[in-house]
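Q: Sharing coords-v9.tsv (TSV, C-alpha atoms and all ligand atoms) below.
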```tsv
chain	number	residue	atom	x	y	z
A	1	MET	CA	51.06	37.59	-33.92
A	2	ALA	CA	49.13	37.77	-37.20
A	3	ALA	CA	48.02	41.21	-38.46
A	4	SER	CA	44.35	40.38	-37.89
A	5	GLU	CA	45.07	39.40	-34.27
A	6	ARG	CA	47.08	42.57	-33.72
A	7	ARG	CA	44.18	44.59	-35.14
A	8	LEU	CA	41.74	42.91	-32.76
A	9	VAL	CA	43.95	43.74	-29.75
A	10	ASP	CA	44.43	47.32	-31.01
A	11	ASP	CA	40.71	47.77	-31.58
A	12	LEU	CA	39.89	46.41	-28.15
A	13	ALA	CA	42.46	48.71	-26.51
A	14	LYS	CA	41.03	51.72	-28.40
A	15	ALA	CA	37.45	50.77	-27.52
A	16	ILE	CA	38.35	50.50	-23.82
A	17	ASP	CA	40.36	53.72	-23.78
A	18	GLY	CA	37.79	55.69	-25.77
A	19	ALA	CA	34.59	54.55	-24.02
A	20	ASP	CA	32.81	56.72	-21.51
A	21	PHE	CA	32.17	53.60	-19.43
A	22	ALA	CA	34.32	51.89	-16.79
A	23	TRP	CA	35.31	48.74	-18.68
A	24	SER	CA	37.84	46.44	-17.13
A	25	LEU	CA	39.38	43.62	-19.05
A	26	VAL	CA	39.97	40.84	-16.49
A	27	LEU	CA	42.09	37.76	-17.10
A	28	VAL	CA	40.52	34.87	-15.22
A	29	GLY	CA	43.12	32.25	-14.42
A	30	GLU	CA	41.05	29.54	-12.77
A	31	ASP	CA	37.75	27.75	-12.98
A	32	GLN	CA	35.72	29.16	-10.08
A	33	ARG	CA	33.98	25.78	-9.63
A	34	ASP	CA	37.34	24.34	-8.55
A	35	LYS	CA	37.69	27.13	-6.02
A	36	LEU	CA	34.25	26.33	-4.62
A	37	ALA	CA	35.17	22.63	-4.38
A	38	ALA	CA	38.36	23.56	-2.46
A	39	LEU	CA	36.40	25.78	-0.06
A	40	THR	CA	33.89	22.98	0.51
A	41	SER	CA	36.64	20.49	1.23
A	42	ASP	CA	38.27	22.88	3.74
A	43	LEU	CA	34.92	23.11	5.56
A	44	LEU	CA	34.71	19.33	5.83
A	45	GLY	CA	37.64	19.16	8.30
A	46	LYS	CA	37.54	17.14	11.52
A	47	PRO	CA	36.01	18.61	14.70
A	48	SER	CA	38.38	20.79	16.74
A	49	ALA	CA	37.74	23.23	19.57
A	50	THR	CA	40.85	25.24	18.66
A	51	GLY	CA	40.49	26.08	14.97
A	52	ASP	CA	42.61	23.20	13.69
A	53	GLY	CA	39.96	21.37	11.65
A	54	LYS	CA	37.49	23.22	9.46
A	55	GLN	CA	38.85	26.41	7.96
A	56	ILE	CA	38.44	29.24	5.49
A	57	THR	CA	41.90	29.87	4.08
A	58	SER	CA	43.20	33.24	2.93
A	59	GLY	CA	41.75	34.28	-0.37
A	60	TYR	CA	38.38	32.68	0.40
A	61	ALA	CA	37.98	35.14	3.28
A	62	TYR	CA	37.78	37.91	0.62
A	63	TRP	CA	36.07	35.96	-2.14
A	64	GLY	CA	32.82	37.46	-3.49
A	65	ILE	CA	30.97	40.71	-3.15
A	66	GLY	CA	29.88	40.32	0.52
A	67	PRO	CA	33.40	39.77	1.91
A	68	THR	CA	34.74	42.49	-0.42
A	69	ILE	CA	32.34	45.09	0.97
A	70	ALA	CA	32.92	43.87	4.52
A	71	TRP	CA	36.70	44.21	3.98
A	72	ALA	CA	36.34	47.78	2.70
A	73	HIS	CA	34.27	48.65	5.81
A	74	ALA	CA	36.78	46.99	8.15
A	75	CYS	CA	39.65	48.95	6.57
A	76	ALA	CA	37.80	52.19	7.32
A	77	ASP	CA	37.20	51.25	10.99
A	78	PRO	CA	39.51	53.19	13.34
A	79	PHE	CA	39.31	50.25	15.79
A	80	TYR	CA	40.83	47.86	13.24
A	81	LEU	CA	44.23	49.17	14.10
A	82	VAL	CA	46.51	47.14	11.85
A	83	MET	CA	44.84	48.19	8.60
A	84	LYS	CA	44.03	51.71	9.77
A	85	GLN	CA	47.65	52.38	10.73
A	86	SER	CA	48.92	50.52	7.71
A	87	LEU	CA	46.90	52.75	5.39
A	88	ASP	CA	47.58	55.97	7.32
A	89	SER	CA	51.33	55.49	7.48
A	90	PHE	CA	51.82	53.98	4.04
A	91	THR	CA	52.39	57.30	2.26
A	92	ARG	CA	55.26	58.20	4.56
A	93	ARG	CA	56.83	54.75	4.47
A	94	TRP	CA	56.51	54.45	0.68
A	95	ASN	CA	58.03	57.93	0.25
A	96	GLU	CA	61.05	56.75	2.24
A	97	VAL	CA	61.81	53.72	0.06
A	98	ARG	CA	60.49	54.74	-3.35
A	99	ASP	CA	63.63	56.54	-4.52
A	100	HIS	CA	65.36	53.17	-4.66
A	101	VAL	CA	62.98	52.21	-7.47
A	102	GLY	CA	64.42	53.48	-10.73
A	103	ALA	CA	62.65	54.48	-13.95
A	104	GLY	CA	60.82	52.18	-16.32
A	105	PHE	CA	59.12	49.81	-13.85
A	106	HIS	CA	55.83	47.99	-14.43
A	107	HIS	CA	53.76	47.08	-11.37
A	108	VAL	CA	52.34	43.71	-10.29
A	109	SER	CA	50.34	43.85	-7.06
A	110	PHE	CA	49.57	40.57	-5.25
A	111	GLY	CA	46.31	41.15	-3.33
A	112	VAL	CA	44.97	44.54	-4.40
A	113	GLY	CA	42.52	45.07	-1.49
A	114	THR	CA	40.89	48.50	-1.59
A	115	GLY	CA	43.62	49.75	-3.95
A	116	HIS	CA	44.63	52.78	-1.85
A	117	LYS	CA	48.28	51.73	-1.59
A	118	ASP	CA	48.56	50.66	-5.22
A	119	ARG	CA	47.42	54.15	-6.17
A	120	LEU	CA	50.38	55.74	-4.36
A	121	VAL	CA	52.83	53.26	-5.84
A	122	LEU	CA	51.40	53.73	-9.33
A	123	SER	CA	51.44	57.52	-9.25
A	124	HIS	CA	55.16	57.42	-8.47
A	125	LEU	CA	55.98	54.77	-11.09
A	126	LEU	CA	53.86	56.51	-13.72
A	127	ASP	CA	55.92	59.70	-13.42
A	128	ARG	CA	58.90	57.65	-14.55
A	129	HIS	CA	57.11	55.34	-16.99
A	130	PRO	CA	53.85	56.82	-18.38
A	131	ASP	CA	53.18	53.68	-20.43
A	132	LEU	CA	53.61	51.21	-17.57
A	133	LEU	CA	51.51	48.08	-17.23
A	134	TYR	CA	49.59	47.60	-13.96
A	135	VAL	CA	48.70	44.00	-13.10
A	136	PRO	CA	46.69	43.61	-9.87
A	137	VAL	CA	46.27	39.94	-8.91
A	138	ASP	CA	43.49	38.83	-6.62
A	139	MET	CA	41.35	35.78	-5.96
A	140	SER	CA	38.25	37.92	-5.69
A	141	SER	CA	37.01	39.45	-8.94
A	142	GLU	CA	34.90	41.88	-6.92
A	143	MET	CA	37.97	42.99	-4.96
A	144	LEU	CA	39.84	43.39	-8.24
A	145	ARG	CA	37.15	45.65	-9.60
A	146	LEU	CA	36.90	47.76	-6.43
A	147	GLY	CA	40.66	47.99	-5.83
A	148	THR	CA	41.62	48.63	-9.44
A	149	GLN	CA	39.15	51.50	-9.75
A	150	GLN	CA	40.45	53.10	-6.56
A	151	ALA	CA	44.04	52.55	-7.66
A	152	THR	CA	43.74	54.01	-11.15
A	153	THR	CA	40.86	56.49	-11.47
A	154	GLY	CA	42.14	59.92	-12.49
A	155	LEU	CA	45.81	58.86	-12.65
A	156	GLY	CA	46.02	59.10	-16.43
A	157	LEU	CA	46.79	55.41	-16.83
A	158	ARG	CA	45.05	54.26	-19.99
A	159	GLY	CA	42.52	51.45	-19.58
A	160	HIS	CA	44.35	48.97	-21.73
A	161	ARG	CA	47.49	49.33	-19.57
A	162	VAL	CA	45.55	47.85	-16.64
A	163	ALA	CA	45.36	44.05	-16.70
A	164	PRO	CA	43.62	42.64	-13.59
A	165	VAL	CA	44.21	38.91	-13.07
A	166	GLN	CA	41.84	36.76	-11.05
A	167	LEU	CA	44.04	34.01	-9.66
A	168	ASP	CA	44.90	32.24	-6.40
A	169	PHE	CA	48.55	33.20	-6.04
A	170	SER	CA	49.16	30.68	-3.25
A	171	LEU	CA	49.24	27.82	-5.78
A	172	ARG	CA	52.62	27.08	-7.34
A	173	ASP	CA	51.24	26.04	-10.73
A	174	ASN	CA	49.30	29.29	-10.92
A	175	LEU	CA	52.45	31.27	-10.20
A	176	ALA	CA	54.43	29.45	-12.87
A	177	ALA	CA	51.76	30.27	-15.47
A	178	PHE	CA	51.54	33.84	-14.20
A	179	ARG	CA	55.31	34.32	-14.40
A	180	ASP	CA	55.29	33.21	-18.05
A	181	LEU	CA	52.45	35.60	-18.82
A	182	VAL	CA	54.15	38.60	-17.17
A	183	HIS	CA	57.54	37.94	-18.72
A	184	ARG	CA	56.00	37.56	-22.15
A	185	VAL	CA	54.21	40.87	-21.86
A	186	VAL	CA	56.97	43.04	-20.33
A	187	GLY	CA	59.99	41.43	-22.02
A	188	ASP	CA	63.18	42.48	-20.22
A	189	GLU	CA	61.68	45.61	-18.66
A	190	PRO	CA	61.76	45.70	-14.84
A	191	VAL	CA	58.77	44.94	-12.66
A	192	LEU	CA	58.00	46.10	-9.13
A	193	TYR	CA	56.05	43.29	-7.43
A	194	SER	CA	54.22	43.98	-4.17
A	195	LEU	CA	52.61	42.04	-1.33
A	196	LEU	CA	51.21	44.64	1.04
A	197	GLY	CA	48.91	44.89	4.06
A	198	ASN	CA	50.42	41.98	6.07
A	199	THR	CA	48.87	39.56	3.55
A	200	LEU	CA	51.87	37.22	3.98
A	201	ALA	CA	50.82	36.63	7.61
A	202	ASN	CA	47.49	35.11	6.56
A	203	PHE	CA	49.05	31.91	5.19
A	204	ASP	CA	49.94	28.78	7.18
A	205	ARG	CA	53.04	28.29	5.05
A	206	ASP	CA	54.01	31.93	4.87
A	207	ALA	CA	57.76	31.47	4.34
A	208	GLU	CA	57.13	29.11	1.42
A	209	LEU	CA	54.62	31.50	-0.10
A	210	LEU	CA	57.12	34.36	0.04
A	211	ALA	CA	59.77	32.17	-1.58
A	212	ASP	CA	57.31	31.15	-4.32
A	213	LEU	CA	56.24	34.74	-5.00
A	214	THR	CA	59.74	36.15	-5.04
A	215	SER	CA	61.01	33.33	-7.26
A	216	ILE	CA	59.25	35.15	-10.11
A	217	THR	CA	61.66	38.07	-9.85
A	218	ARG	CA	64.61	38.52	-12.22
A	219	PRO	CA	67.77	40.52	-11.37
A	220	GLN	CA	66.24	43.74	-12.75
A	221	ASP	CA	63.03	43.41	-10.64
A	222	LEU	CA	62.16	44.54	-7.10
A	223	PHE	CA	59.70	43.27	-4.50
A	224	LEU	CA	57.84	45.47	-2.01
A	225	LEU	CA	56.74	43.64	1.15
A	226	GLU	CA	54.69	45.06	4.01
A	227	VAL	CA	54.29	43.14	7.28
A	228	ALA	CA	53.03	43.81	10.80
A	229	THR	CA	55.87	43.55	13.29
A	230	THR	CA	56.61	43.27	17.00
A	231	GLU	CA	59.73	44.22	18.88
A	232	ALA	CA	59.45	41.23	21.25
A	233	LEU	CA	57.73	37.85	21.61
A	234	SER	CA	55.81	36.75	24.72
A	235	GLU	CA	52.46	35.20	25.68
A	236	GLU	CA	51.48	38.56	27.14
A	237	LEU	CA	52.16	40.34	23.85
A	238	ALA	CA	50.23	37.62	22.01
A	239	GLY	CA	47.31	38.54	24.28
A	240	GLU	CA	47.73	42.19	23.36
A	241	ALA	CA	47.77	41.31	19.67
A	242	VAL	CA	44.47	39.48	20.19
A	243	GLU	CA	42.97	42.54	21.91
A	244	GLU	CA	43.90	44.66	18.93
A	245	TYR	CA	41.70	42.56	16.65
A	246	GLU	CA	38.93	41.89	19.19
A	247	ARG	CA	38.09	45.56	19.48
A	248	SER	CA	36.74	46.05	15.97
A	249	HIS	CA	33.11	45.22	15.28
A	250	ALA	CA	33.69	45.79	11.55
A	251	TYR	CA	36.55	43.28	11.61
A	252	ARG	CA	34.27	40.63	13.18
A	253	LYS	CA	31.75	41.28	10.42
A	254	PHE	CA	34.48	40.90	7.82
A	255	VAL	CA	35.87	37.61	9.17
A	256	THR	CA	32.40	36.08	9.37
A	257	SER	CA	31.27	37.33	5.96
A	258	ALA	CA	32.71	34.37	4.02
A	259	LEU	CA	30.77	32.02	6.33
A	260	MET	CA	27.65	34.07	5.90
A	261	HIS	CA	27.88	34.00	2.12
A	262	ASN	CA	28.97	30.40	1.68
A	263	THR	CA	26.92	28.57	4.32
A	264	ASP	CA	23.43	28.75	5.79
A	265	LEU	CA	24.77	29.37	9.32
A	266	THR	CA	23.02	32.05	11.33
A	267	ILE	CA	26.00	34.16	12.29
A	268	ARG	CA	26.42	35.50	15.83
A	269	LEU	CA	29.28	37.95	16.16
A	270	ASP	CA	29.82	36.94	19.81
A	271	SER	CA	30.70	33.42	18.61
A	272	VAL	CA	33.91	34.77	17.07
A	273	ARG	CA	36.88	33.77	19.27
A	274	PHE	CA	40.49	34.90	19.14
A	275	HIS	CA	43.49	32.75	20.16
A	276	GLY	CA	46.94	34.28	20.55
A	277	SER	CA	50.21	32.34	20.77
A	278	VAL	CA	53.93	32.66	20.19
A	279	GLU	CA	55.14	30.97	17.02
A	280	GLY	CA	58.69	29.86	17.84
A	281	ASP	CA	61.18	32.70	17.60
A	282	ARG	CA	59.53	34.31	14.59
A	283	ALA	CA	56.06	35.72	15.31
A	284	LEU	CA	53.02	36.36	17.47
A	285	LYS	CA	50.20	34.38	15.93
A	286	VAL	CA	46.47	35.16	16.11
A	287	LYS	CA	43.86	32.60	15.06
A	288	VAL	CA	40.32	33.85	14.62
A	289	VAL	CA	37.69	31.10	14.86
A	290	TYR	CA	33.93	30.76	14.76
A	291	GLN	CA	32.72	28.42	17.50
A	292	ASN	CA	29.42	26.62	17.74
A	293	GLN	CA	28.15	27.92	21.07
A	294	THR	CA	24.46	27.28	20.45
A	295	GLY	CA	24.30	24.54	23.08
A	296	GLY	CA	23.60	21.83	20.48
A	297	ASP	CA	24.94	20.17	17.36
A	298	LEU	CA	24.33	21.90	14.02
A	299	VAL	CA	24.40	20.84	10.39
A	300	VAL	CA	25.70	23.45	7.98
A	301	MET	CA	24.72	23.56	4.31
A	302	LEU	CA	27.45	24.55	1.83
A	303	PRO	CA	26.92	26.23	-1.58
A	304	ASP	CA	26.97	22.86	-3.38
A	305	ARG	CA	24.26	21.65	-0.91
A	306	ASN	CA	26.71	19.37	0.84
A	307	ARG	CA	25.78	19.13	4.53
A	308	VAL	CA	28.52	19.28	7.12
A	309	PRO	CA	28.09	18.39	10.81
A	310	PHE	CA	29.09	21.30	13.08
A	311	PRO	CA	28.96	19.81	16.59
A	312	GLU	CA	28.78	21.90	19.75
A	313	HIS	CA	32.15	23.58	20.57
A	314	ASP	CA	33.52	22.71	17.11
A	315	THR	CA	35.23	25.62	15.34
A	316	ILE	CA	35.84	26.95	11.86
A	317	ARG	CA	39.07	28.89	11.53
A	318	LEU	CA	38.13	32.15	9.84
A	319	TYR	CA	41.42	34.00	9.67
A	320	LEU	CA	45.06	33.64	10.55
A	321	THR	CA	47.39	36.55	11.12
A	322	ARG	CA	50.76	37.28	12.68
A	323	LYS	CA	53.05	39.99	13.90
A	324	TYR	CA	56.58	39.09	12.89
A	325	ALA	CA	59.49	39.53	15.26
A	326	ARG	CA	61.56	42.24	13.62
A	327	SER	CA	64.68	40.25	14.47
A	328	ALA	CA	63.37	37.24	12.49
A	329	LEU	CA	62.51	39.06	9.28
A	330	ASP	CA	66.05	39.00	7.95
A	331	ARG	CA	65.97	35.22	8.03
A	332	VAL	CA	62.55	35.03	6.34
A	333	VAL	CA	63.76	37.36	3.60
A	334	ALA	CA	67.05	35.51	3.12
A	335	GLU	CA	65.24	32.14	2.99
A	336	ALA	CA	63.13	33.55	0.18
A	337	GLY	CA	66.34	34.25	-1.75
A	338	MET	CA	66.04	38.01	-1.38
A	339	ARG	CA	68.01	40.85	0.21
A	340	ARG	CA	66.90	44.19	1.55
A	341	VAL	CA	67.39	47.29	-0.55
A	342	ALA	CA	65.59	49.62	1.86
A	343	VAL	CA	63.27	49.38	4.84
A	344	THR	CA	61.06	51.66	6.90
A	345	HIS	CA	59.24	51.07	10.13
A	346	SER	CA	56.25	52.78	11.65
A	347	ASP	CA	55.17	52.36	15.29
A	348	PHE	CA	51.51	52.27	16.21
A	349	GLN	CA	50.88	55.63	17.86
A	350	VAL	CA	47.80	54.61	19.78
A	351	ALA	CA	47.49	54.75	23.54
A	352	ARG	CA	46.13	51.20	24.00
A	353	SER	CA	48.48	49.56	21.53
A	354	ALA	CA	51.37	47.49	22.91
A	355	HIS	CA	54.72	49.16	22.70
A	356	GLY	CA	56.74	47.76	19.81
A	357	PHE	CA	53.85	46.85	17.49
A	358	GLY	CA	54.11	48.44	14.07
A	359	MET	CA	54.31	47.97	10.32
A	360	ASP	CA	57.46	47.50	8.27
A	361	LEU	CA	57.82	48.15	4.58
A	362	LEU	CA	60.70	46.34	2.90
A	363	LEU	CA	62.00	46.86	-0.59
A	364	LEU	CA	63.69	43.62	-1.64
A	365	ALA	CA	65.85	42.51	-4.52
A	366	PRO	CA	66.75	39.00	-5.62
A	367	GLY	CA	70.11	37.71	-4.42
A	368	GLY	CA	72.37	37.54	-1.37
A	369	VAL	CA	72.49	39.75	1.69
A	370	PRO	CA	74.52	42.99	1.27
A	371	ARG	CA	77.29	43.61	3.79
A	372	ARG	CA	76.54	45.63	6.93
A	373	GLY	CA	76.94	49.34	6.20
A	374	ASP	CA	75.93	48.95	2.53
A	375	ASP	CA	72.57	50.42	3.35
A	376	PRO	CA	72.01	53.02	6.09
A	377	ALA	CA	68.36	51.93	6.44
A	378	ARG	CA	69.63	48.49	7.46
A	379	ASP	CA	71.18	49.96	10.58
A	380	ILE	CA	67.94	51.76	11.49
A	381	TRP	CA	66.12	48.42	11.09
A	382	GLU	CA	68.51	46.56	13.31
A	383	ASN	CA	68.50	49.12	16.14
B	401	LIG	C1	45.09	41.84	3.75
B	401	LIG	S1	44.41	42.27	2.19
B	401	LIG	C2	45.64	43.46	1.69
B	401	LIG	C3	45.14	44.42	0.65
B	401	LIG	C4	46.12	45.50	0.18
B	401	LIG	N1	47.31	44.92	-0.43
B	401	LIG	C5	46.50	46.42	1.31
B	401	LIG	O1	47.66	46.45	1.72
B	401	LIG	O2	45.63	47.15	1.79
B	401	LIG	C6	44.74	40.82	1.23
B	401	LIG	C7	44.36	40.89	-0.24
B	401	LIG	O3	44.90	39.73	-0.90
B	401	LIG	C8	43.89	38.99	-1.55
B	401	LIG	N2	44.23	37.56	-1.38
B	401	LIG	C9	44.38	36.89	-0.22
B	401	LIG	N3	44.75	35.63	-0.44
B	401	LIG	C10	44.85	35.48	-1.78
B	401	LIG	C11	45.22	34.40	-2.64
B	401	LIG	N4	45.55	33.20	-2.16
B	401	LIG	N5	45.23	34.61	-3.98
B	401	LIG	C12	44.89	35.83	-4.49
B	401	LIG	N6	44.53	36.88	-3.73
B	401	LIG	C13	44.51	36.72	-2.39
B	401	LIG	C14	42.59	39.39	-0.86
B	401	LIG	O4	41.47	39.20	-1.71
B	401	LIG	C15	42.87	40.85	-0.52
B	401	LIG	O5	42.57	41.69	-1.60
```
Please re-express this file's structure in structure tokens.

A:
Amino acid sequence: MAASERRLVDDLAKAIDGADFAWSLVLVGEDQRDKLAALTSDLLGKPSATGDGKQITSGYAYWGIGPTIAWAHACADPFYLVMKQSLDSFTRRWNEVRDHVGAGFHHVSFGVGTGHKDRLVLSHLLDRHPDLLYVPVDMSSEMLRLGTQQATTGLGLRGHRVAPVQLDFSLRDNLAAFRDLVHRVVGDEPVLYSLLGNTLANFDRDAELLADLTSITRPQDLFLLEVATTEALSEELAGEAVEEYERSHAYRKFVTSALMHNTDLTIRLDSVRFHGSVEGDRALKVKVVYQNQTGGDLVVMLPDRNRVPFPEHDTIRLYLTRKYARSALDRVVAEAGMRRVAVTHSDFQVARSAHGFGMDLLLLAPGGVPRRGDDPARDIWEN
């Protein structure tokens, strides 16, 4: 880098660190017009009464200020059990695995959300590496701003060590470019990557996404994965998983907020429907759809003024989520080319919650599966 370029970067870093104003320097990885075109095309799907045509895929559900605010409200709703318990129990679960993360790690967080968990991770890593780089990655620039502030304010992390990246991490080309960027910036120093809050479960091709994300890791890196889990799989439990989501009014507002902000539909919260099923031997699956129950055919206007027919009983899939069978996670992790370093589990301690539902936090490393007995936490996981 030429001296003048280095000076510019130095000056910018000093200006950000020294200002009494909350600057954030965001790297935008994609043209947002392309994202809008992709959303429009997903909403042009064929009619389906079961959420298999039109859809809002993960990322778009959180895209923009309306969905970001709605997500923050949903996370604070005690009836939205998965996130509430995930946030409440994260401190304990993180404390149980964090000692396996050595000194000198940078942190890359895929899907920052409200930033509460990243804050805990960062405060631990910062103790061991005060000059670490924090790279939250999110499709929503508004979520990045909200989450990054929550994650970093008052931690003593200097502004120029925070590099939010607005990017859709479900696209392979994006990940390849992102990997080059991260490796260039950190050199050989280790990175702790994270995908928390059951985000993995929101993707149709979840196993492939995990493999793509973890393929970025080098031998010195670690990957922190948090997923919702179930002890057993049955249609009855799928029904109980549905009930868990159905209960929260704030969650219904969140799942419909992308529709509200990207179409001219008049949203009725009682038109949100939940379908539970068993996905092979690996997960309970919950599809959340918006169904036209107005008694007539509608035409929906999209942000680019395209008009899409929305016939009676047709649906738009708003959200996809899962609870993974704990017995299947080993396979998912191995297929992603990773092995467990440590794992913790937390059961949902709520009267109406099905027995065996919980959250698991896995610390993963690239490479093969260690032998049984290598890791005491492995035996806890398997019993
Ligand atoms: C379920 S929230 C989890 C938030 C946080 N990690 C937690 O555990 O509370 C998912 C987060 O990932 C982001 N996200 C979802 N799909 C994405 C995608 N394809 N690319 C980038 N960000 C995405 C959302 O904007 C949101 O911030």

Q: Tell me, counting only C-alpha atoms and all ligand atoms, for each residue of chain A within 7 Å of ligand LIG 401 (chain B), which pair of atoms is nearest and how far apart they are in Å to one decimal, in rows ordered by chain and increasing number, as a Markdown table.

A:
```
| residue | atom | partner | partner_atom | distance |
| --- | --- | --- | --- | --- |
| A:Ser58 | CA | B:LIG401 | N3 | 4.4 |
| A:Gly59 | CA | B:LIG401 | N3 | 3.3 |
| A:Tyr62 | CA | B:LIG401 | O4 | 4.6 |
| A:Trp63 | CA | B:LIG401 | O4 | 6.3 |
| A:Met83 | CA | B:LIG401 | O2 | 6.9 |
| A:Leu87 | CA | B:LIG401 | O2 | 6.8 |
| A:Phe110 | CA | B:LIG401 | N6 | 6.4 |
| A:Gly111 | CA | B:LIG401 | O3 | 3.1 |
| A:Val112 | CA | B:LIG401 | N1 | 4.6 |
| A:Gly113 | CA | B:LIG401 | O5 | 3.4 |
| A:Thr114 | CA | B:LIG401 | O2 | 6.0 |
| A:Gly115 | CA | B:LIG401 | C4 | 6.4 |
| A:His116 | CA | B:LIG401 | O2 | 6.8 |
| A:Lys117 | CA | B:LIG401 | O1 | 6.3 |
| A:Val137 | CA | B:LIG401 | C12 | 6.2 |
| A:Asp138 | CA | B:LIG401 | N6 | 3.6 |
| A:Met139 | CA | B:LIG401 | C12 | 3.8 |
| A:Ser140 | CA | B:LIG401 | O4 | 5.3 |
| A:Met143 | CA | B:LIG401 | O5 | 5.8 |
| A:Leu167 | CA | B:LIG401 | C12 | 5.5 |
| A:Asp168 | CA | B:LIG401 | N5 | 3.4 |
| A:Phe169 | CA | B:LIG401 | N5 | 4.2 |
| A:Ser170 | CA | B:LIG401 | N4 | 4.5 |
| A:Leu195 | CA | B:LIG401 | N1 | 6.1 |
| A:Leu196 | CA | B:LIG401 | O1 | 4.0 |
| A:Gly197 | CA | B:LIG401 | O1 | 3.1 |
| A:Asn198 | CA | B:LIG401 | C1 | 5.8 |
| A:Thr199 | CA | B:LIG401 | C1 | 4.4 |
```

Q: Restrict the selected residues to C-alpha atoms and save them as an mmCIF file, in the coordinates of the input.

A:
```
data_model
loop_
_atom_site.group_PDB
_atom_site.id
_atom_site.type_symbol
_atom_site.label_atom_id
_atom_site.label_comp_id
_atom_site.auth_asym_id
_atom_site.auth_seq_id
_atom_site.Cartn_x
_atom_site.Cartn_y
_atom_site.Cartn_z
ATOM 1 C CA SER A 58 43.200 33.240 2.930
ATOM 2 C CA GLY A 59 41.750 34.280 -0.370
ATOM 3 C CA TYR A 62 37.780 37.910 0.620
ATOM 4 C CA TRP A 63 36.070 35.960 -2.140
ATOM 5 C CA MET A 83 44.840 48.190 8.600
ATOM 6 C CA LEU A 87 46.900 52.750 5.390
ATOM 7 C CA PHE A 110 49.570 40.570 -5.250
ATOM 8 C CA GLY A 111 46.310 41.150 -3.330
ATOM 9 C CA VAL A 112 44.970 44.540 -4.400
ATOM 10 C CA GLY A 113 42.520 45.070 -1.490
ATOM 11 C CA THR A 114 40.890 48.500 -1.590
ATOM 12 C CA GLY A 115 43.620 49.750 -3.950
ATOM 13 C CA HIS A 116 44.630 52.780 -1.850
ATOM 14 C CA LYS A 117 48.280 51.730 -1.590
ATOM 15 C CA VAL A 137 46.270 39.940 -8.910
ATOM 16 C CA ASP A 138 43.490 38.830 -6.620
ATOM 17 C CA MET A 139 41.350 35.780 -5.960
ATOM 18 C CA SER A 140 38.250 37.920 -5.690
ATOM 19 C CA MET A 143 37.970 42.990 -4.960
ATOM 20 C CA LEU A 167 44.040 34.010 -9.660
ATOM 21 C CA ASP A 168 44.900 32.240 -6.400
ATOM 22 C CA PHE A 169 48.550 33.200 -6.040
ATOM 23 C CA SER A 170 49.160 30.680 -3.250
ATOM 24 C CA LEU A 195 52.610 42.040 -1.330
ATOM 25 C CA LEU A 196 51.210 44.640 1.040
ATOM 26 C CA GLY A 197 48.910 44.890 4.060
ATOM 27 C CA ASN A 198 50.420 41.980 6.070
ATOM 28 C CA THR A 199 48.870 39.560 3.550
#
```

Q: Counting all atoms listed in the file, what are the residues of stretch 84-120 of chain A within 12 Å of stretch 157-162 of chain A, and for each of them which pair of atoms is the nearest and at what distance in Å, to one decimal? Sort the table by chain and rising number, as a Markdown table.

A:
```
| residue | atom | partner | partner_atom | distance |
| --- | --- | --- | --- | --- |
| A:His106 | CA | A:Arg161 | CA | 9.9 |
| A:His107 | CA | A:Val162 | CA | 9.8 |
| A:Val108 | CA | A:Val162 | CA | 10.2 |
| A:Ser109 | CA | A:Val162 | CA | 11.4 |
| A:Arg119 | CA | A:Leu157 | CA | 10.8 |
```

Q: Quote the spacing between atom CA of A:Asp31 and atom CA of A:Leu44 in Å to one decimal place.

A: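 We find that atom CA of A:Asp31 and atom CA of A:Leu44 lie 20.8 Å from each other.
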
Q: Considering only C-alpha atoms, return as an MDAnalysis selection string whatever protein or nucleic-acid residues lie within 10 Å of stretch 268-271 of chain A, sequence-local ones (same chain, fewer than 3 positions apart) excluded.

A: chainID A and resid 249 252:253 255:256 265 274 289:294 315

Q: Which polymer residues, whether protein, DNA or RNA, lie within 12 Å of the coordinate (24.8, 22.0, 8.6) when you count only C-alpha atoms? List them as number ranges by chain, using the chain letters and numbers from the file.

A: A: 43-44, 259, 262-266, 292, 296-303, 305-312

Q: Of the residues A:Leu133, A:Leu233, A:Val82, A:Ile16, which is the one nearest to A:His183, using only C-alpha atoms?

A: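 Among A:Leu133, A:Leu233, A:Val82, A:Ile16, it is A:Leu133 that comes nearest to A:His183.
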
Q: Between atom CA of A:Glu243 and atom CA of A:Asp360, what is the spacing in Å?

A: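 We find that atom CA of A:Asp360 and atom CA of A:Glu243 lie 20.5 Å from each other.
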
Q: Measuring between only C-alpha atoms, which one of A:Ala3, A:Ala207, A:Ala232, A:Ala250 shows the shortest distance to A:Phe357?

A: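 For A:Phe357, the nearest of the candidates is A:Ala232.
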
Q: Determine, counting all atoms listed in the file, which protein, DNA and RNA residues have an atom within 6 Å of an atom of stretch 318-331 of chain A; residues of the same chain fewer than 4 positions away are not included. Present the result as a PyMOL selection string.

A: chain A and resi 56+201-202+228-231+255+282-289+335

Q: I'd like to know which of A:Arg317, A:Arg92, A:Thr152, A:Pro136 is closest to A:Leu27, using all atoms listed in the file.

A: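 Distance minimum relative to A:Leu27 lands on A:Pro136.
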
Q: For A:Leu155, which residue out of A:Ala177, A:Val9, A:Leu132, A:Leu363 is the nearest one, using only C-alpha atoms?

A: A:Leu132

Q: For A:Tyr60, which residue out of A:Ala151, A:Arg218, A:Arg184, A:Ala258 is the nearest one, using all atoms listed in the file?

A: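 Selected residue with least distance to A:Tyr60: A:Ala258.
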